[in-house]
$ cat model.csv   # CSV, C-alpha atoms
chain,number,residue,atom,x,y,z
A,1,MET,CA,9.7,-6.9,2.2
A,2,ALA,CA,13.0,-6.0,0.7
A,3,LYS,CA,11.6,-3.0,-1.3
A,4,LEU,CA,10.5,-1.4,2.0
A,5,GLU,CA,13.9,-1.7,3.7
A,6,TYR,CA,16.1,1.4,4.2
A,7,ARG,CA,18.2,2.4,1.2
A,8,LEU,CA,20.2,5.6,0.7
A,9,SER,CA,18.8,6.1,-2.8
A,10,TYR,CA,16.7,4.3,-5.3
A,11,TRP,CA,14.9,5.0,-8.6
A,12,ARG,CA,11.5,4.0,-9.7
A,13,HIS,CA,10.1,6.6,-12.2
A,14,LEU,CA,11.7,9.4,-10.1
A,15,PRO,CA,14.8,9.6,-8.0
A,16,HIS,CA,14.5,9.1,-4.2
A,17,ILE,CA,17.3,9.9,-1.8
A,18,GLN,CA,17.2,9.4,2.0
A,19,PRO,CA,20.4,10.2,3.8
A,20,SER,CA,20.5,8.9,7.4
A,21,GLY,CA,18.7,11.3,9.8
A,22,ALA,CA,17.6,13.6,7.0
A,23,THR,CA,14.3,15.6,7.1
A,24,LEU,CA,12.2,15.0,4.0
A,25,PHE,CA,9.6,17.0,2.2
A,26,VAL,CA,7.2,14.5,0.6
A,27,THR,CA,4.3,15.1,-1.7
A,28,PHE,CA,1.9,12.2,-2.4
A,29,ARG,CA,-1.3,12.4,-4.5
A,30,LEU,CA,-4.5,10.7,-5.5
A,31,ASP,CA,-4.3,8.2,-8.4
A,32,GLY,CA,-5.4,9.9,-11.6
A,33,SER,CA,-4.8,13.4,-10.2
A,34,ILE,CA,-2.5,14.2,-13.1
A,35,PRO,CA,-3.4,13.1,-16.7
A,36,ALA,CA,-1.2,10.2,-17.9
A,37,ALA,CA,0.2,12.2,-20.8
A,38,ILE,CA,1.3,15.1,-18.6
A,39,GLN,CA,2.7,12.7,-15.9
A,40,GLN,CA,4.8,11.0,-18.6
A,41,GLN,CA,6.1,14.3,-19.8
A,42,LEU,CA,7.2,15.2,-16.2
A,43,ILE,CA,8.8,11.8,-15.7
A,44,ASP,CA,10.6,12.0,-19.1
A,45,GLU,CA,11.9,15.5,-18.1
A,46,ALA,CA,13.2,14.1,-14.8
A,47,GLU,CA,15.0,11.3,-16.6
A,48,ARG,CA,16.6,13.7,-19.1
A,49,ILE,CA,17.8,15.9,-16.3
A,50,GLU,CA,19.3,12.9,-14.5
A,51,ALA,CA,21.3,12.0,-17.6
A,52,ILE,CA,22.6,15.5,-18.0
A,53,LEU,CA,23.6,15.7,-14.3
A,54,ALA,CA,25.5,12.4,-14.6
A,55,GLN,CA,27.8,14.1,-17.1
A,56,ILE,CA,28.9,16.8,-14.7
A,57,PRO,CA,32.4,15.8,-13.5
A,58,SER,CA,32.5,17.9,-10.3
A,59,PRO,CA,30.5,16.2,-7.4
A,60,GLN,CA,30.0,19.7,-5.8
A,61,GLU,CA,28.7,21.2,-9.0
A,62,ARG,CA,26.6,18.1,-9.8
A,63,ALA,CA,24.9,18.3,-6.3
A,64,LYS,CA,24.3,22.0,-6.7
A,65,GLN,CA,22.6,21.6,-10.1
A,66,ALA,CA,20.7,18.6,-8.9
A,67,TYR,CA,19.2,20.6,-6.1
A,68,LEU,CA,18.2,23.5,-8.4
A,69,GLU,CA,16.7,21.2,-11.0
A,70,LYS,CA,14.7,19.3,-8.4
A,71,ARG,CA,13.3,22.5,-7.0
A,72,ARG,CA,12.3,23.5,-10.5
A,73,LEU,CA,10.7,20.2,-11.3
A,74,PHE,CA,8.8,20.1,-8.0
A,75,GLY,CA,7.3,23.5,-8.9
A,76,LYS,CA,6.0,21.9,-12.1
A,77,TRP,CA,4.5,18.9,-10.4
A,78,ASP,CA,2.8,21.0,-7.7
A,79,SER,CA,1.5,23.6,-10.2
A,80,THR,CA,0.0,20.8,-12.3
A,81,LEU,CA,-1.7,19.4,-9.2
A,82,ASP,CA,-3.0,22.8,-8.0
A,83,ALA,CA,-4.4,23.6,-11.5
A,84,ALA,CA,-5.9,20.2,-12.1
A,85,SER,CA,-9.4,20.6,-13.6
A,86,ALA,CA,-10.0,16.9,-13.9
A,87,GLY,CA,-9.4,13.8,-11.8
A,88,PRO,CA,-10.5,12.9,-8.3
A,89,VAL,CA,-10.6,15.4,-5.4
A,90,TRP,CA,-11.7,12.9,-2.7
A,91,LEU,CA,-9.6,14.7,-0.1
A,92,ARG,CA,-12.2,17.5,-0.2
A,93,ASN,CA,-14.4,15.1,1.8
A,94,PRO,CA,-13.8,16.0,5.5
A,95,GLU,CA,-14.1,12.4,6.6
A,96,ILE,CA,-11.4,11.3,4.2
A,97,ALA,CA,-9.1,14.3,4.9
A,98,ARG,CA,-9.4,13.4,8.6
A,99,LEU,CA,-8.4,9.8,7.9
A,100,VAL,CA,-5.2,11.0,6.2
A,101,ALA,CA,-4.5,13.4,9.0
A,102,ASP,CA,-5.0,10.7,11.6
A,103,SER,CA,-2.8,8.3,9.7
A,104,LEU,CA,0.1,10.8,9.7
A,105,HIS,CA,-0.4,11.6,13.4
A,106,TYR,CA,-0.5,7.9,14.2
A,107,LEU,CA,3.0,7.5,12.7
A,108,ASN,CA,4.3,10.5,14.6
A,109,GLY,CA,6.7,9.2,17.3
A,110,ARG,CA,6.5,5.7,16.1
A,111,VAL,CA,8.4,5.8,12.8
A,112,LEU,CA,8.8,9.5,12.1
A,113,GLU,CA,8.9,12.9,13.7
A,114,LEU,CA,6.1,14.9,12.1
A,115,ASN,CA,6.9,18.5,11.4
A,116,SER,CA,4.2,19.7,9.1
A,117,PHE,CA,1.5,18.7,6.6
A,118,CYS,CA,-1.2,20.1,4.4
A,119,ILE,CA,-4.0,18.0,2.9
A,120,MET,CA,-5.1,19.5,-0.4
A,121,PRO,CA,-8.1,18.3,-2.5
A,122,ASN,CA,-6.0,15.9,-4.6
A,123,HIS,CA,-2.6,15.7,-2.9
A,124,VAL,CA,-0.8,15.9,0.4
A,125,HIS,CA,2.4,17.8,1.4
A,126,THR,CA,4.2,16.6,4.5
A,127,VAL,CA,7.5,17.3,6.2
A,128,PHE,CA,9.0,14.7,8.5
A,129,THR,CA,12.1,13.1,9.8
A,130,PRO,CA,12.3,9.3,9.8
A,131,LEU,CA,13.2,7.9,13.2
A,132,PRO,CA,16.0,5.4,13.8
A,133,LYS,CA,15.2,1.7,14.5
A,134,ASP,CA,16.8,-0.7,17.0
A,135,ASP,CA,19.4,-1.8,14.5
A,136,ASP,CA,20.7,1.7,14.0
A,137,THR,CA,19.2,2.0,10.5
A,138,TYR,CA,16.3,4.4,9.8
A,139,HIS,CA,12.7,3.7,9.0
A,140,SER,CA,12.7,3.9,5.3
A,141,LEU,CA,10.7,6.4,3.2
A,142,SER,CA,9.2,3.6,1.3
A,143,SER,CA,7.9,1.8,4.4
A,144,ILE,CA,6.6,5.0,5.9
A,145,MET,CA,4.6,5.9,2.8
A,146,HIS,CA,3.4,2.3,2.5
A,147,SER,CA,2.0,2.4,6.0
A,148,ALA,CA,0.4,5.8,5.6
A,149,LYS,CA,-1.2,5.1,2.2
A,150,ARG,CA,-2.3,1.5,3.0
A,151,TYR,CA,-4.5,2.4,6.0
A,152,SER,CA,-6.0,5.6,4.5
A,153,ALA,CA,-6.7,4.1,1.1
A,154,ARG,CA,-8.5,1.1,2.6
A,155,GLN,CA,-10.7,3.3,4.9
A,156,ALA,CA,-11.3,5.9,2.2
A,157,ASN,CA,-12.5,3.3,-0.3
A,158,LYS,CA,-14.9,2.1,2.3
A,159,LEU,CA,-16.4,5.5,2.8
A,160,LEU,CA,-16.5,6.1,-1.0
A,161,GLU,CA,-18.0,2.6,-1.6
A,162,ARG,CA,-15.4,2.0,-4.2
A,163,GLU,CA,-12.6,-0.4,-5.0
A,164,GLY,CA,-9.3,0.1,-6.7
A,165,GLN,CA,-6.2,2.2,-6.4
A,166,PHE,CA,-6.6,5.3,-4.3
A,167,TRP,CA,-3.2,6.8,-4.1
A,168,GLN,CA,-0.6,7.1,-6.9
A,169,HIS,CA,2.1,4.6,-6.1
A,170,GLU,CA,5.1,7.0,-6.2
A,171,SER,CA,5.6,10.1,-4.1
A,172,TYR,CA,7.7,13.1,-4.9
A,173,ASP,CA,10.3,13.8,-2.2
A,174,HIS,CA,13.1,16.2,-1.5
A,175,VAL,CA,15.9,16.2,1.2
A,176,VAL,CA,15.8,19.3,3.4
A,177,ARG,CA,19.3,20.7,3.5
A,178,ASP,CA,19.3,23.1,6.5
A,179,ALA,CA,17.2,25.1,8.9
A,180,ALA,CA,16.6,28.0,6.5
A,181,GLU,CA,15.3,25.6,3.8
A,182,LEU,CA,13.1,23.9,6.4
A,183,GLU,CA,11.5,27.2,7.4
A,184,ARG,CA,10.9,28.0,3.7
A,185,ILE,CA,9.4,24.6,2.9
A,186,VAL,CA,7.1,24.6,6.0
A,187,LYS,CA,5.8,28.0,5.1
A,188,TYR,CA,5.2,26.8,1.5
A,189,VAL,CA,3.3,23.8,2.8
A,190,LEU,CA,1.1,25.8,5.1
A,191,ASN,CA,0.4,28.4,2.5
A,192,ASN,CA,-0.6,26.1,-0.3
A,193,PRO,CA,-4.4,26.6,0.3
A,194,VAL,CA,-3.8,30.3,0.3
A,195,LYS,CA,-1.9,30.2,-3.0
A,196,VAL,CA,-4.7,28.5,-4.9
A,197,GLY,CA,-7.4,30.7,-3.3
A,198,LEU,CA,-9.1,28.2,-1.0
A,199,VAL,CA,-8.7,30.4,2.1
A,200,ASN,CA,-7.3,33.9,2.8
A,201,GLN,CA,-5.1,32.8,5.8
A,202,TRP,CA,-3.4,29.4,6.2
A,203,GLN,CA,-4.9,29.1,9.7
A,204,GLU,CA,-8.4,29.0,8.1
A,205,TRP,CA,-7.6,25.7,6.3
A,206,PRO,CA,-8.7,22.8,8.6
A,207,TRP,CA,-6.2,20.2,7.2
A,208,THR,CA,-2.9,21.7,8.1
A,209,TYR,CA,-0.5,20.9,10.9
A,210,CYS,CA,2.7,22.4,12.2
A,211,LYS,CA,4.6,21.4,15.3
A,212,TRP,CA,6.0,25.0,15.7
A,213,ASP,CA,4.4,28.4,16.0
A,214,VAL,CA,5.1,30.0,12.7
A,215,MET,CA,4.5,33.4,11.1
$ encode --input "model.csv" --output "C-alpha cells"
Amino acid sequence: MAKLEYRLSYWRHLPHIQPSGATLFVTFRLDGSIPAAIQQQLIDEAERIEAILAQIPSPQERAKQAYLEKRRLFGKWDSTLDAASAGPVWLRNPEIARLVADSLHYLNGRVLELNSFCIMPNHVHTVFTPLPKDDDTYHSLSSIMHSAKRYSARQANKLLEREGQFWQHESYDHVVRDAAELERIVKYVLNNPVKVGLVNQWQEWPWTYCKWDVM
C-alpha cells in the first residue's frame, strides 16, 4: 500500500519525519486513552505551531525552534497519558503487555533495530532504528507501526473478547538527533513507570527493555 511506503515526511493530524537511517522515539497508545476534546486541543496546538514555524525565514532557526516545540508538545501528550483517570488500561493485563513486547521483539532484526521500550498501562514508548531494504530505501515508520499494531490488536481483542479499534491510529514520533539525546530519551523511557509511581526502580517494571546496560 502506498501509504505504508517510505516517505521522508508526511502529515496526518501530526507531523511525521523519518530521515534515512535515523533513530526514532515513538509513542503509541490505546484508542480512547485521551479524551477527544483534549486530543483535539493538542492537535490544534501542533497545527498552530507548524504555521508559526513556517514563517521563520532561517532554516537553521526554524529547525531549532521546531525541535524545542516538539519536545514541549511531547511533554504535554505524555503527561496527559500518565495522568489519565479514564479510558482503557488494557496494557495492565500481563498477557496483553506480553503480546506487545513479543511483537516488538519479533520486528527486531527484521525491519528495525530495537533499542528500548516501555509498556505503560495505556501507551507504549519505544526507541528504534528502521533497517534498510534491498532497494536501498528504509522500512517506513508507517509500515513498522502497522505491523506492530495489527498483530497485537488482533490478539489482544481475542483475549479481551471484544471487537473494534484497539490502538489509536496515529503515533507520536521524534527524530533522535545525537548520542547524547539518545541516552536522555532511553533513560526517560525506562523511568516512565518510576515517574508515575508504579515502581521505585525502573528494573522492577516487567515491561521494559533496553539493549544496553544503563545507569
$ atom_distance --input "model.csv" --atom1 "CA of Ile96 in chain A" --atom2 "CA of Met120 in chain A"
11.3 Å
$ residues_around --input "model.csv" --residues "range 126-143 of chain A" --least-positions-apart "4" --cutoff "7 Å" --atoms "all atoms listed in the file" --output "tab-separated table (two decimals) with C-alpha atoms, keeping the file's coordinate frame"
chain	number	residue	atom	x	y	z
A	4	LEU	CA	10.50	-1.40	2.00
A	5	GLU	CA	13.90	-1.70	3.70
A	6	TYR	CA	16.10	1.40	4.20
A	20	SER	CA	20.50	8.90	7.40
A	21	GLY	CA	18.70	11.30	9.80
A	22	ALA	CA	17.60	13.60	7.00
A	23	THR	CA	14.30	15.60	7.10
A	24	LEU	CA	12.20	15.00	4.00
A	25	PHE	CA	9.60	17.00	2.20
A	26	VAL	CA	7.20	14.50	0.60
A	27	THR	CA	4.30	15.10	-1.70
A	111	VAL	CA	8.40	5.80	12.80
A	112	LEU	CA	8.80	9.50	12.10
A	113	GLU	CA	8.90	12.90	13.70
A	114	LEU	CA	6.10	14.90	12.10
A	115	ASN	CA	6.90	18.50	11.40
A	116	SER	CA	4.20	19.70	9.10
A	117	PHE	CA	1.50	18.70	6.60
A	118	CYS	CA	-1.20	20.10	4.40
A	147	SER	CA	2.00	2.40	6.00
$ atom_distance --input "model.csv" --atom1 "CA of Val175 in chain A" --atom2 "CA of Arg72 in chain A"
14.3 Å
$ residues_around --input "model.csv" --residues "Trp167 in chain A" --least-positions-apart "3" --cutoff "7 Å" --atoms "all atoms listed in the file" --output "MDAnalysis selection string"
chainID A and resid 29:31 149 153
$ closest_residue --input "model.csv" --among "A:Val176, A:Ala66, A:Val189, A:Leu107" --to "Ile52 in chain A" --atoms "all atoms listed in the file"
A:Ala66
$ residues_near_point --input "model.csv" --point "(-10.3, 10.6, -13.0)" --cutoff "10 Å" --atoms "only C-alpha atoms" --output "PDB file with C-alpha atoms, in the frame of the given file"
ATOM      1  CA  LEU A  30      -4.500  10.700  -5.500  1.00  0.00           C
ATOM      2  CA  ASP A  31      -4.300   8.200  -8.400  1.00  0.00           C
ATOM      3  CA  GLY A  32      -5.400   9.900 -11.600  1.00  0.00           C
ATOM      4  CA  SER A  33      -4.800  13.400 -10.200  1.00  0.00           C
ATOM      5  CA  ILE A  34      -2.500  14.200 -13.100  1.00  0.00           C
ATOM      6  CA  PRO A  35      -3.400  13.100 -16.700  1.00  0.00           C
ATOM      7  CA  ALA A  86     -10.000  16.900 -13.900  1.00  0.00           C
ATOM      8  CA  GLY A  87      -9.400  13.800 -11.800  1.00  0.00           C
ATOM      9  CA  PRO A  88     -10.500  12.900  -8.300  1.00  0.00           C
ATOM     10  CA  VAL A  89     -10.600  15.400  -5.400  1.00  0.00           C
TER      11      VAL A  89
END
$ closest_residue --input "model.csv" --among "A:Ala46, A:Ala156, A:Tyr151, A:Trp202" --to "Lys76 in chain A" --atoms "all atoms listed in the file"
A:Ala46
$ residues_around --input "model.csv" --residues "Leu91 in chain A" --least-positions-apart "4" --cutoff "6 Å" --atoms "only C-alpha atoms" --output "PyMOL selection string"
chain A and resi 96-97+121-122
$ closest_residue --input "model.csv" --among "A:His105, A:Lys195, A:Lys211, A:Lys158" --to "Glu183 in chain A" --atoms "only C-alpha atoms"
A:Lys211
